[in-house]
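Next comes structure10.txt, a file with compact mmCIF, C-alpha atoms.
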# COMPACT_ATOMS: atom_id res chain seq x y z
CA MET J 191 -64.58 10.82 12.74
CA SER J 192 -64.22 7.52 10.88
CA ALA J 193 -66.65 6.32 8.25
CA ASN J 194 -67.80 3.57 10.63
CA HIS J 195 -68.64 6.01 13.42
CA VAL J 196 -72.32 7.01 13.50
CA GLU J 197 -72.98 9.43 16.35
CA PHE J 198 -75.92 9.10 18.72
CA THR J 199 -77.37 12.61 18.64
CA LYS J 200 -79.71 14.68 20.82
CA GLU J 201 -82.34 14.35 18.10
CA MET J 202 -82.13 10.55 18.31
CA ARG J 203 -82.58 10.69 22.08
CA GLU J 204 -85.57 13.03 21.78
CA ALA J 205 -87.05 10.76 19.09
CA GLY J 206 -87.09 7.89 21.62
CA TYR J 207 -84.44 5.67 20.06
CA THR J 208 -84.23 2.30 21.81
CA ILE J 209 -80.75 1.84 23.31
CA LEU J 210 -79.74 -1.82 23.63
CA VAL J 211 -77.33 -2.80 26.42
CA PRO J 212 -75.73 -6.26 26.85
CA ASN J 213 -76.62 -7.97 30.12
CA MET J 214 -74.11 -9.03 32.76
CA LEU J 215 -75.75 -8.92 36.21
CA ASP J 216 -79.53 -9.29 36.33
CA PHE J 217 -80.24 -7.39 39.55
CA HIS J 218 -77.66 -4.63 39.10
CA PHE J 219 -78.66 -4.02 35.50
CA SER J 220 -82.39 -3.95 36.26
CA LEU J 221 -81.69 -0.97 38.55
CA LEU J 222 -79.33 0.66 36.03
CA GLU J 223 -82.00 0.29 33.35
CA LYS J 224 -84.47 2.19 35.54
CA VAL J 225 -81.93 4.89 36.41
CA LEU J 226 -81.27 5.50 32.71
CA HIS J 227 -85.02 5.64 32.01
CA LEU J 228 -85.36 8.32 34.68
CA ASN J 229 -82.65 10.31 32.89
CA GLY J 230 -84.48 10.22 29.57
CA TYR J 231 -82.84 7.21 27.88
CA ASN J 232 -85.04 4.46 26.43
CA VAL J 233 -82.75 1.60 27.49
CA VAL J 234 -83.41 -2.14 27.09
CA VAL J 235 -81.08 -4.64 28.78
CA LEU J 236 -80.77 -7.64 26.47
CA LYS J 237 -81.74 -11.09 27.77
CA ASN J 238 -81.40 -13.12 24.56
CA SER J 239 -79.11 -16.15 24.80
CA GLY J 240 -78.59 -19.56 23.23
CA PRO J 241 -76.75 -20.87 20.17
CA GLY J 242 -77.98 -17.96 18.01
CA VAL J 243 -75.86 -15.52 20.03
CA MET J 244 -72.74 -17.65 19.63
CA SER J 245 -73.26 -18.24 15.91
CA GLU J 246 -73.77 -14.52 15.24
CA GLY J 247 -70.64 -13.71 17.21
CA LEU J 248 -68.56 -16.23 15.28
CA LYS J 249 -70.05 -15.05 12.00
CA TYR J 250 -69.21 -11.38 12.40
CA VAL J 251 -66.15 -11.40 14.72
CA HIS J 252 -62.85 -13.16 14.08
CA ASN J 253 -62.72 -16.42 16.04
CA ASP J 254 -59.34 -15.49 17.56
CA THR J 255 -61.04 -12.65 19.42
CA CYS J 256 -61.73 -13.14 23.14
CA VAL J 257 -64.90 -14.94 24.20
CA PRO J 258 -66.49 -11.90 25.95
CA ALA J 259 -66.22 -9.88 22.73
CA LEU J 260 -67.72 -12.71 20.66
CA LEU J 261 -70.65 -13.09 23.05
CA VAL J 262 -71.39 -9.39 23.60
CA ILE J 263 -71.27 -8.58 19.89
CA GLY J 264 -73.16 -11.78 19.09
CA GLN J 265 -75.88 -10.80 21.57
CA PHE J 266 -76.22 -7.38 19.94
CA ILE J 267 -76.50 -8.70 16.39
CA ASP J 268 -78.79 -11.58 17.39
CA ALA J 269 -81.12 -9.01 18.99
CA LEU J 270 -81.02 -6.78 15.91
CA HIS J 271 -81.86 -9.76 13.68
CA SER J 272 -84.73 -10.85 15.96
CA GLY J 273 -87.26 -8.44 14.43
CA LYS J 274 -88.15 -6.98 17.84
CA TYR J 275 -86.61 -3.58 17.18
CA ASP J 276 -87.00 -0.86 14.57
CA LEU J 277 -83.57 -0.84 12.94
CA ASP J 278 -84.02 2.82 12.00
CA LYS J 279 -84.70 3.82 15.64
CA VAL J 280 -82.24 1.73 17.62
CA ALA J 281 -78.78 2.37 19.09
CA LEU J 282 -76.26 0.23 20.95
CA ALA J 283 -74.35 1.17 24.12
CA ILE J 284 -71.09 -0.35 25.29
CA THR J 285 -68.53 0.63 27.94
CA GLN J 286 -64.96 1.74 27.27
CA THR J 287 -62.73 1.75 30.34
CA GLY J 288 -59.66 3.18 28.63
CA GLY J 289 -57.49 0.13 29.40
CA GLY J 290 -55.38 -1.81 26.94
CA CYS J 291 -57.74 -4.70 26.21
CA ARG J 292 -61.28 -5.47 25.05
CA ALA J 293 -62.88 -2.96 27.40
CA SER J 294 -61.56 -0.22 25.13
CA ASN J 295 -61.54 -2.00 21.78
CA TYR J 296 -64.91 -3.76 21.72
CA ILE J 297 -66.54 -0.70 20.25
CA HIS J 298 -64.38 -0.83 17.11
CA LEU J 299 -64.99 -4.57 16.69
CA LEU J 300 -68.72 -3.92 17.13
CA ARG J 301 -68.83 -1.21 14.47
CA LYS J 302 -66.89 -3.43 12.08
CA ALA J 303 -69.32 -6.30 12.72
CA LEU J 304 -72.35 -4.03 12.19
CA LYS J 305 -70.96 -2.86 8.85
CA LYS J 306 -70.34 -6.46 7.79
CA ALA J 307 -73.93 -7.36 8.75
CA GLY J 308 -75.34 -4.46 6.74
CA LEU J 309 -76.23 -2.54 9.90
CA GLY J 310 -73.55 0.13 9.73
CA HIS J 311 -76.10 2.94 10.05
CA ILE J 312 -76.86 2.00 13.68
CA PRO J 313 -75.16 4.36 16.16
CA VAL J 314 -72.95 2.93 18.91
CA ILE J 315 -72.65 4.86 22.17
CA SER J 316 -69.37 4.76 24.08
CA VAL J 317 -69.98 4.86 27.84
CA ASN J 318 -66.67 6.03 29.25
CA MET J 319 -65.03 8.45 31.68
CA SER J 320 -61.72 8.57 29.81
CA GLY J 321 -62.60 11.04 27.07
CA LEU J 322 -62.21 8.35 24.42
CA GLU J 323 -65.42 9.21 22.57
CA SER J 324 -68.43 11.42 23.13
CA SER J 325 -71.97 11.59 21.81
CA SER J 326 -74.14 14.69 21.88
CA GLY J 327 -77.13 12.49 22.76
CA PHE J 328 -75.56 10.72 25.75
CA LYS J 329 -73.72 12.37 28.62
CA LEU J 330 -72.36 10.90 31.86
CA THR J 331 -73.38 13.77 34.14
CA LEU J 332 -72.44 13.87 37.83
CA PRO J 333 -76.06 13.19 38.96
CA LEU J 334 -76.22 10.18 36.61
CA ILE J 335 -72.85 8.85 37.84
CA ARG J 336 -74.11 9.19 41.42
CA GLN J 337 -77.27 7.26 40.59
CA VAL J 338 -75.28 4.54 38.81
CA ILE J 339 -73.02 4.10 41.85
CA CYS J 340 -76.10 3.86 44.09
CA SER J 341 -77.51 1.10 41.89
CA LEU J 342 -74.24 -0.82 42.03
CA ILE J 343 -74.07 -0.50 45.83
CA TYR J 344 -77.59 -1.90 46.20
CA GLY J 345 -76.81 -4.66 43.74
CA ASP J 346 -73.59 -5.63 45.50
CA CYS J 347 -75.32 -5.72 48.88
CA ILE J 348 -78.14 -7.97 47.74
CA MET J 349 -75.81 -10.23 45.75
CA HIS J 350 -73.44 -10.57 48.70
CA ILE J 351 -75.95 -11.45 51.41
CA SER J 352 -78.34 -13.48 49.24
CA ASN J 353 -75.46 -15.79 48.33
CA GLN J 354 -74.94 -16.38 52.06
CA THR J 355 -78.65 -16.96 52.66
CA ARG J 356 -79.96 -19.06 49.76
CA PRO J 357 -78.00 -22.29 50.50
CA TYR J 358 -79.39 -22.45 54.06
CA GLU J 359 -83.01 -21.27 53.71
CA HIS J 360 -85.62 -23.57 55.25
CA LYS J 361 -88.26 -22.75 52.66
CA ARG J 362 -86.87 -22.97 49.16
CA GLY J 363 -87.37 -19.82 47.10
CA THR J 364 -87.60 -17.42 50.07
CA THR J 365 -84.36 -15.65 49.20
CA ASP J 366 -85.23 -15.18 45.54
CA ALA J 367 -88.68 -13.87 46.48
CA LEU J 368 -87.08 -11.29 48.78
CA ILE J 369 -84.67 -10.24 46.02
CA ALA J 370 -87.64 -9.63 43.68
CA SER J 371 -89.45 -7.71 46.43
CA TRP J 372 -86.49 -5.39 47.03
CA ASN J 373 -86.05 -4.91 43.31
CA ASP J 374 -89.62 -3.61 43.11
CA GLU J 375 -89.15 -1.46 46.21
CA LEU J 376 -85.95 0.18 44.98
CA ILE J 377 -87.43 0.89 41.55
CA ARG J 378 -90.48 2.42 43.28
CA GLN J 379 -88.17 4.65 45.29
CA PHE J 380 -86.22 5.62 42.18
CA ASN J 381 -89.48 6.58 40.45
CA GLU J 382 -90.18 8.93 43.36
CA GLY J 383 -86.64 10.34 43.36
CA LYS J 384 -85.81 8.55 46.63
CA GLY J 385 -83.18 6.04 47.72
CA LEU J 386 -80.29 8.06 46.27
CA SER J 387 -79.00 10.20 49.16
CA GLN J 388 -76.40 8.80 51.55
CA LYS J 389 -78.90 8.83 54.41
CA GLU J 390 -81.48 6.93 52.32
CA ILE J 391 -78.87 4.48 51.06
CA ARG J 392 -77.72 3.72 54.61
CA ALA J 393 -81.32 3.20 55.76
CA ASN J 394 -82.13 0.96 52.81
CA LEU J 395 -79.01 -1.17 53.25
CA GLN J 396 -79.80 -1.65 56.93
CA LYS J 397 -83.34 -2.75 56.06
CA ILE J 398 -82.11 -5.06 53.30
CA THR J 399 -79.59 -6.84 55.53
CA ALA J 400 -82.14 -7.13 58.35
CA ASP J 401 -84.74 -8.64 56.00
CA PHE J 402 -82.32 -11.24 54.66
CA ASP J 403 -81.04 -12.06 58.15
CA ALA J 404 -84.64 -12.68 59.22
CA ILE J 405 -85.01 -15.55 56.72
CA GLU J 406 -85.25 -18.86 58.59
CA ARG J 407 -82.26 -20.99 57.72
CA SER J 408 -80.14 -23.82 58.99
CA ARG J 409 -76.78 -23.33 60.70
CA GLU J 410 -74.95 -26.22 59.05
CA LYS J 411 -71.49 -25.67 57.57
CA LYS J 412 -71.45 -26.08 53.81
CA THR J 413 -68.45 -26.02 51.52
CA ARG J 414 -67.64 -22.42 50.68
CA VAL J 415 -66.66 -21.53 47.11
CA GLY J 416 -65.42 -18.23 45.69
CA VAL J 417 -65.76 -17.17 42.05
CA VAL J 418 -63.29 -14.80 40.39
CA GLY J 419 -62.12 -14.08 36.86
CA GLU J 420 -62.58 -11.76 33.92
CA ILE J 421 -65.47 -9.44 34.79
CA TYR J 422 -67.91 -10.50 32.06
CA VAL J 423 -67.35 -14.25 32.38
CA LYS J 424 -67.32 -13.99 36.19
CA TYR J 425 -70.81 -12.47 36.30
CA SER J 426 -72.67 -13.23 33.06
CA PRO J 427 -74.62 -16.52 32.83
CA LEU J 428 -74.19 -16.25 29.07
CA GLY J 429 -70.42 -16.06 29.48
CA ASN J 430 -69.97 -18.77 32.14
CA ASN J 431 -72.57 -21.33 31.00
CA GLY J 432 -74.85 -20.63 33.97
CA LEU J 433 -72.12 -21.16 36.57
CA GLU J 434 -74.09 -19.77 39.52
CA GLN J 435 -77.14 -21.86 38.66
CA PHE J 436 -74.92 -24.95 38.55
CA LEU J 437 -73.32 -24.14 41.92
CA ARG J 438 -76.80 -23.87 43.46
CA THR J 439 -77.31 -27.55 42.63
CA GLN J 440 -74.04 -28.63 44.29
CA ASP J 441 -74.98 -28.11 47.95
CA CYS J 442 -72.37 -25.42 48.55
CA GLU J 443 -72.25 -21.74 49.45
CA TYR J 444 -70.63 -19.57 46.80
CA MET J 445 -69.44 -15.98 46.87
CA VAL J 446 -68.73 -13.57 44.01
CA PRO J 447 -66.87 -10.30 44.77
CA GLY J 448 -68.93 -7.17 44.08
CA VAL J 449 -68.72 -4.78 41.13
CA MET J 450 -67.67 -1.84 43.31
CA GLY J 451 -64.22 -3.37 43.77
CA PHE J 452 -63.72 -3.25 40.01
CA VAL J 453 -65.01 0.36 39.85
CA LEU J 454 -62.52 1.42 42.54
CA PHE J 455 -59.77 -0.54 40.76
CA LYS J 456 -60.35 1.46 37.55
CA ILE J 457 -60.42 4.80 39.40
CA ASP J 458 -57.33 3.87 41.41
CA ASN J 459 -55.48 2.99 38.19
CA ARG J 460 -56.05 6.51 36.84
CA ILE J 461 -54.60 8.00 40.03
CA GLU J 462 -51.61 5.62 39.97
CA ASP J 463 -50.89 6.52 36.33
CA ILE J 464 -50.79 10.25 37.11
CA HIS J 465 -48.53 9.67 40.12
CA LEU J 466 -46.15 7.51 38.04
CA TYR J 467 -46.15 9.28 34.69
CA GLY J 468 -47.64 12.71 35.34
CA GLY J 469 -50.86 14.10 33.95
CA ASN J 470 -53.59 16.68 34.24
CA PRO J 471 -53.88 17.94 37.86
CA PHE J 472 -57.61 18.56 37.35
CA LYS J 473 -58.09 14.92 36.29
CA LEU J 474 -56.20 13.81 39.40
CA LEU J 475 -58.47 15.97 41.57
CA VAL J 476 -61.65 14.62 39.94
CA CYS J 477 -60.49 10.98 40.23
CA SER J 478 -59.43 11.48 43.86
CA LEU J 479 -62.79 12.99 44.79
CA LEU J 480 -64.67 10.25 42.94
CA LYS J 481 -62.62 7.57 44.70
CA LYS J 482 -63.37 9.11 48.11
CA TYR J 483 -67.09 9.20 47.31
CA VAL J 484 -67.16 5.57 46.15
CA GLN J 485 -65.16 4.47 49.18
CA LYS J 486 -67.64 6.25 51.43
CA MET J 487 -70.44 4.26 49.78
CA GLU J 488 -68.35 1.12 50.24
CA ARG J 489 -68.00 1.81 53.97
CA ILE J 490 -71.75 2.27 54.32
CA LEU J 491 -72.26 -1.12 52.63
CA ILE J 492 -69.66 -2.91 54.79
CA GLU J 493 -71.04 -1.38 58.00
CA ALA J 494 -74.60 -2.43 57.16
CA ILE J 495 -73.58 -6.05 56.57
CA ALA J 496 -71.18 -6.15 59.54
CA GLU J 497 -74.09 -5.31 61.89
CA HIS J 498 -75.29 -8.89 61.36
CA PRO J 499 -72.78 -11.49 62.67
CA ALA J 500 -74.40 -14.20 60.54
CA PHE J 501 -73.02 -12.52 57.40
CA VAL J 502 -69.41 -12.19 56.26
CA PRO J 503 -68.97 -8.59 55.01
CA PRO J 504 -66.81 -7.82 51.97
CA SER J 505 -63.35 -6.39 52.53
CA ALA J 506 -62.60 -2.72 51.90
CA PHE J 507 -60.84 -2.00 48.61
CA GLU J 508 -57.68 -0.67 50.27
CA HIS J 509 -57.37 -3.83 52.37
CA THR J 510 -57.89 -6.04 49.32
CA LYS J 511 -55.21 -4.06 47.52
CA SER J 512 -52.78 -4.50 50.41
CA LEU J 513 -53.08 -8.30 50.23
CA VAL J 514 -51.03 -8.44 47.01
CA LYS J 515 -48.34 -5.94 47.99
CA ASP J 516 -45.56 -8.56 47.83
CA VAL J 517 -47.33 -10.94 45.47
CA ILE J 518 -47.93 -9.05 42.22
CA GLY J 519 -47.07 -5.53 41.07
CA TYR J 520 -49.68 -2.77 40.96
CA GLY J 521 -48.47 -2.02 37.43
CA SER J 522 -50.28 -5.17 36.28
CA LYS J 523 -53.48 -3.41 35.24
CA MET J 524 -54.64 -4.90 31.94
CA GLY J 525 -58.10 -6.43 32.26
CA GLU J 526 -58.65 -7.18 35.95
CA GLY J 527 -54.88 -7.09 36.56
CA TRP J 528 -53.71 -7.36 40.16
CA LEU J 529 -57.33 -7.13 41.37
CA LEU J 530 -57.97 -10.69 40.15
CA THR J 531 -55.10 -12.02 42.27
CA ALA J 532 -56.17 -9.84 45.21
CA GLU J 533 -59.78 -11.09 45.08
CA MET J 534 -58.57 -14.69 45.40
CA LEU J 535 -56.66 -13.78 48.56
CA GLU J 536 -59.61 -11.75 49.86
CA LEU J 537 -61.97 -14.71 49.38
CA ALA J 538 -59.53 -17.11 51.05
CA GLU J 539 -59.10 -14.71 53.99
CA ASN J 540 -62.89 -14.52 54.39
CA GLY J 541 -63.29 -18.31 54.47
CA TYR J 542 -63.85 -19.04 50.78
CA GLU J 543 -60.63 -20.96 50.13
CA ASN J 544 -62.06 -23.08 47.32
CA ILE J 545 -61.97 -20.81 44.28
CA ILE J 546 -63.17 -21.09 40.70
CA CYS J 547 -61.12 -18.85 38.42
CA THR J 548 -63.11 -18.21 35.24
CA GLN J 549 -60.70 -17.89 32.31
CA PRO J 550 -62.13 -16.76 28.94
CA PHE J 551 -60.38 -17.74 25.75
CA GLY J 552 -58.32 -14.91 24.32
CA CYS J 553 -57.80 -12.95 27.56
CA LEU J 554 -54.05 -13.24 28.19
CA PRO J 555 -53.90 -10.81 31.17
CA ASN J 556 -56.63 -12.83 32.89
CA HIS J 557 -54.68 -16.07 32.47
CA ILE J 558 -51.47 -14.49 33.80
CA CYS J 559 -53.10 -12.86 36.86
CA GLY J 560 -55.37 -15.85 37.48
CA LYS J 561 -54.05 -19.25 36.47
CA GLY J 562 -50.48 -17.95 36.37
CA MET J 563 -50.57 -16.89 40.04
CA ILE J 564 -51.88 -20.15 41.54
CA ARG J 565 -48.48 -21.47 42.63
CA ARG J 566 -47.56 -18.18 44.31
CA LEU J 567 -50.93 -17.97 46.04
CA MET J 568 -50.51 -21.47 47.45
CA GLN J 569 -47.26 -20.28 49.02
CA VAL J 570 -48.87 -17.16 50.47
CA HIS J 571 -52.04 -18.92 51.66
CA PRO J 572 -51.48 -22.67 52.22
CA GLY J 573 -54.72 -24.58 51.88
CA ILE J 574 -56.11 -22.44 49.07
CA ASN J 575 -57.80 -24.67 46.48
CA ILE J 576 -58.05 -23.01 43.04
CA VAL J 577 -59.41 -24.52 39.85
CA PRO J 578 -59.08 -22.50 36.62
CA ILE J 579 -61.98 -23.12 34.23
CA ASP J 580 -61.52 -22.22 30.57
CA TYR J 581 -64.55 -20.70 28.83
CA ASP J 582 -64.33 -21.10 25.07
CA LEU J 583 -67.18 -21.39 22.59
CA SER J 584 -65.81 -24.82 21.66
CA ALA J 585 -65.47 -26.00 25.29
CA THR J 586 -68.16 -28.35 26.60
CA LYS J 587 -70.27 -27.45 29.61
CA VAL J 588 -69.96 -31.03 30.88
CA ASN J 589 -66.17 -30.80 31.04
CA GLN J 590 -66.32 -27.47 32.87
CA GLU J 591 -68.81 -28.78 35.43
CA ASN J 592 -66.89 -32.02 35.99
CA ARG J 593 -63.74 -30.07 36.81
CA ILE J 594 -65.71 -28.02 39.34
CA ARG J 595 -67.16 -31.22 40.85
CA LEU J 596 -63.62 -32.55 41.28
CA MET J 597 -62.57 -29.34 43.03
CA LEU J 598 -65.60 -29.62 45.35
CA ALA J 599 -64.74 -33.26 46.13
CA VAL J 600 -61.21 -32.20 47.15
CA ALA J 601 -62.65 -29.34 49.20
CA ARG J 602 -65.12 -31.59 51.06
CA ASP J 603 -62.43 -34.15 51.79
CA ALA J 604 -60.22 -31.42 53.28
CA GLN J 605 -63.17 -30.06 55.26
CA THR J 606 -63.93 -33.52 56.72
CA LYS J 607 -60.30 -33.97 57.76
CA ARG J 608 -60.27 -30.55 59.44
CA GLN J 609 -63.46 -31.34 61.35
CA GLN J 610 -62.05 -34.68 62.52
CA GLN J 611 -58.85 -32.98 63.64
CA GLU J 612 -60.83 -30.33 65.52
CA LEU J 613 -62.81 -33.07 67.32
CA LEU J 614 -59.62 -34.88 68.33
CA ILE J 615 -58.08 -31.64 69.64
CA ALA J 616 -61.24 -30.83 71.60
CA GLN J 617 -61.29 -34.36 73.04
CA ASP J 618 -57.63 -34.10 74.08
CA GLU J 619 -58.31 -30.76 75.76
CA ARG J 620 -61.28 -32.18 77.68
CA GLU J 621 -59.27 -35.17 78.85
CA ALA J 622 -56.39 -32.98 79.94
CA ALA J 623 -58.73 -30.68 81.84
CA CYS J 624 -60.72 -33.32 83.76
CA SER J 625 -57.74 -35.24 85.29
CA GLY J 626 -59.86 -38.40 85.38
CA ASN J 627 -62.47 -36.99 87.76
CA CYS J 628 -65.38 -36.43 85.34
CA GLU J 629 -68.33 -38.83 85.21
CA ALA J 630 -67.35 -40.10 81.74
CA CYS J 631 -63.88 -41.09 82.96
CA LYS J 632 -65.24 -42.74 86.12
CA LYS J 633 -67.62 -44.85 84.03
CA ALA J 634 -64.80 -45.79 81.67
CA MET J 635 -62.76 -46.97 84.71
What does this structure look like when you write it as structure tokens?
Amino acid sequence: MSANHVEFTKEMREAGYTILVPNMLDFHFSLLEKVLHLNGYNVVVLKNSGPGVMSEGLKYVHNDTCVPALLVIGQFIDALHSGKYDLDKVALAITQTGGGCRASNYIHLLRKALKKAGLGHIPVISVNMSGLESSSGFKLTLPLIRQVICSLIYGDCIMHISNQTRPYEHKRGTTDALIASWNDELIRQFNEGKGLSQKEIRANLQKITADFDAIERSREKKTRVGVVGEIYVKYSPLGNNGLEQFLRTQDCEYMVPGVMGFVLFKIDNRIEDIHLYGGNPFKLLVCSLLKKYVQKMERILIEAIAEHPAFVPPSAFEHTKSLVKDVIGYGSKMGEGWLLTAEMLELAENGYENIICTQPFGCLPNHICGKGMIRRLMQVHPGINIVPIDYDLSATKVNQENRIRLMLAVARDAQTKRQQQELLIAQDEREAACSGNCEACKKAM
């Protein structure tokens, strides 16, 4: 164990240490926070933002480091310096996926930053399934993993259908009110030990989709926009300068792929590695069983949404994976790897051809699999309209938003031309069918 590594122990957990977690998705993480509370962890999902977060990140992390690392570490240190927490009874938790980029190396940057800030005594918990690190006070047990997956399924469902409902609601705020209501309901169920079995999940998802479908809304066709990119910048308002909030002001419908696709991508990578390079047969068995379980949850989600024709359901992971078979190699796995390219094709296939690709500074794999694939994707799917947006702490929000406005202008122009062409085709078909005998033709004569 290195000098910088302070373990989170059972004694710390029993003493009620506050565990700080960086935020990424408000709804998903509110459920995860409750699940962890139920398992005996005093977790707080951080909500602090603003220039203080950025300045702390730049102060304690090298400025050549990727933007997600700067913001996550900056959020941690800004929270620790806020005076809200007892620095002798606080711990930090961060994920390690086992890949070759920040998802595995953040934890070392974080410990280095804490030491530099005079906070080296604060333990950092590695949340991983790769055996990278362990803490006696924090264990990813099978029941906890199951509860986490349930929370992500609920979060993905509500995110997916609320994004298809909010732009069309007759009464503004109805969708957000229903999201808050279901948040309370799911947490109530969790408190009672309910909502976690497959039968209960299926029933809840059916009720959720029915409730959102019951919202009164218009049937107009708005410009559809997809959002992809590096996982933190794709989802986190702190990372993308409030991208979703901005899109809500632009009279469009936007869609963000769910977290479960990324979870399956990481599990699938472990299986692919063992098939290609060999490995522990027991690990292969565990990963295969976990993948089957997650895919079963995915099917339940897709089936619940597909019951309502007004909603476009997400694609199954295996189908999304098949879309890039001849486009990019499955060996491209750093960061979001081939999944980033696949999600762009999935969105385009589902009607979201206008795509914002969020590109954080310092994430080379993301730029290669995102911006670097645009030309190839235009060959595979003509009509796809992709704009890469760079997120750097020195980049201005105005410039980012103006580039998105330009993309939307191009999208609306293309949509208008398609509608005009459809009207002309329909008119030609009517004229060919009537042979001059309809009332309109007789009047014209």
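Atom CA of J:Gln435 sits 27.4 Å away from atom CA of J:Gln396.
Atom to atom, atom CA of J:Asn353 and atom CA of J:Arg565 stand 28.2 Å apart.
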Which residue of J:Leu334, J:Gln440, J:Ala307, J:Ile267 approaches J:Gly230 most closely, using all atoms listed in the file: J:Leu334
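Of the residues listed (J:Gly573, J:Gly206, J:Pro241, J:Gly416), J:Gly573 shows the shortest atom-to-atom separation from J:Val600; distances use all atoms listed in the file.
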Atom CA of J:Glu204 to atom CA of J:Leu221, straight-line distance in Å: 22.2 Å
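The shortest atom-to-atom distance to J:Pro555, with all atoms listed in the file taken into account, belongs to J:Leu530 out of J:Leu530, J:Ile348, J:Ile495, J:Ala622.
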10 Å contact set for stretch 341-343 of chain J, all atoms listed in the file, chain neighbours under 2 positions out, as a PyMOL selection string: chain J and resi 217-225+335-339+345-349+376-377+380+385-386+391+395+448-450+453+484+487-488+490-491
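Distance check against J:Leu248 using only C-alpha atoms: of J:Asp603, J:Ile398, J:Ser584, J:Pro357, the minimum falls on J:Ser584.
Candidate residues J:Leu428, J:Leu332, J:Ile579, J:Ile263 were compared for distance to J:Leu299, and the nearest is J:Ile263, using only C-alpha atoms.
Of the residues listed (J:Val196, J:Val262, J:Leu309, J:Ala599), J:Ala599 shows the shortest atom-to-atom separation from J:Asp441; distances use all atoms listed in the file.
Those residues that approach J:Pro504 to within 8 Å, counting only C-alpha atoms, are J:His350, J:Pro447, J:Ile492; same-chain residues fewer than 3 positions away are not listed.
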Go ahead and dump the residues you just picked, C-alpha atoms, as a tab-separated table (two decimals), in the frame of the given file.
chain	number	residue	atom	x	y	z
J	350	HIS	CA	-73.44	-10.57	48.70
J	447	PRO	CA	-66.87	-10.30	44.77
J	492	ILE	CA	-69.66	-2.91	54.79
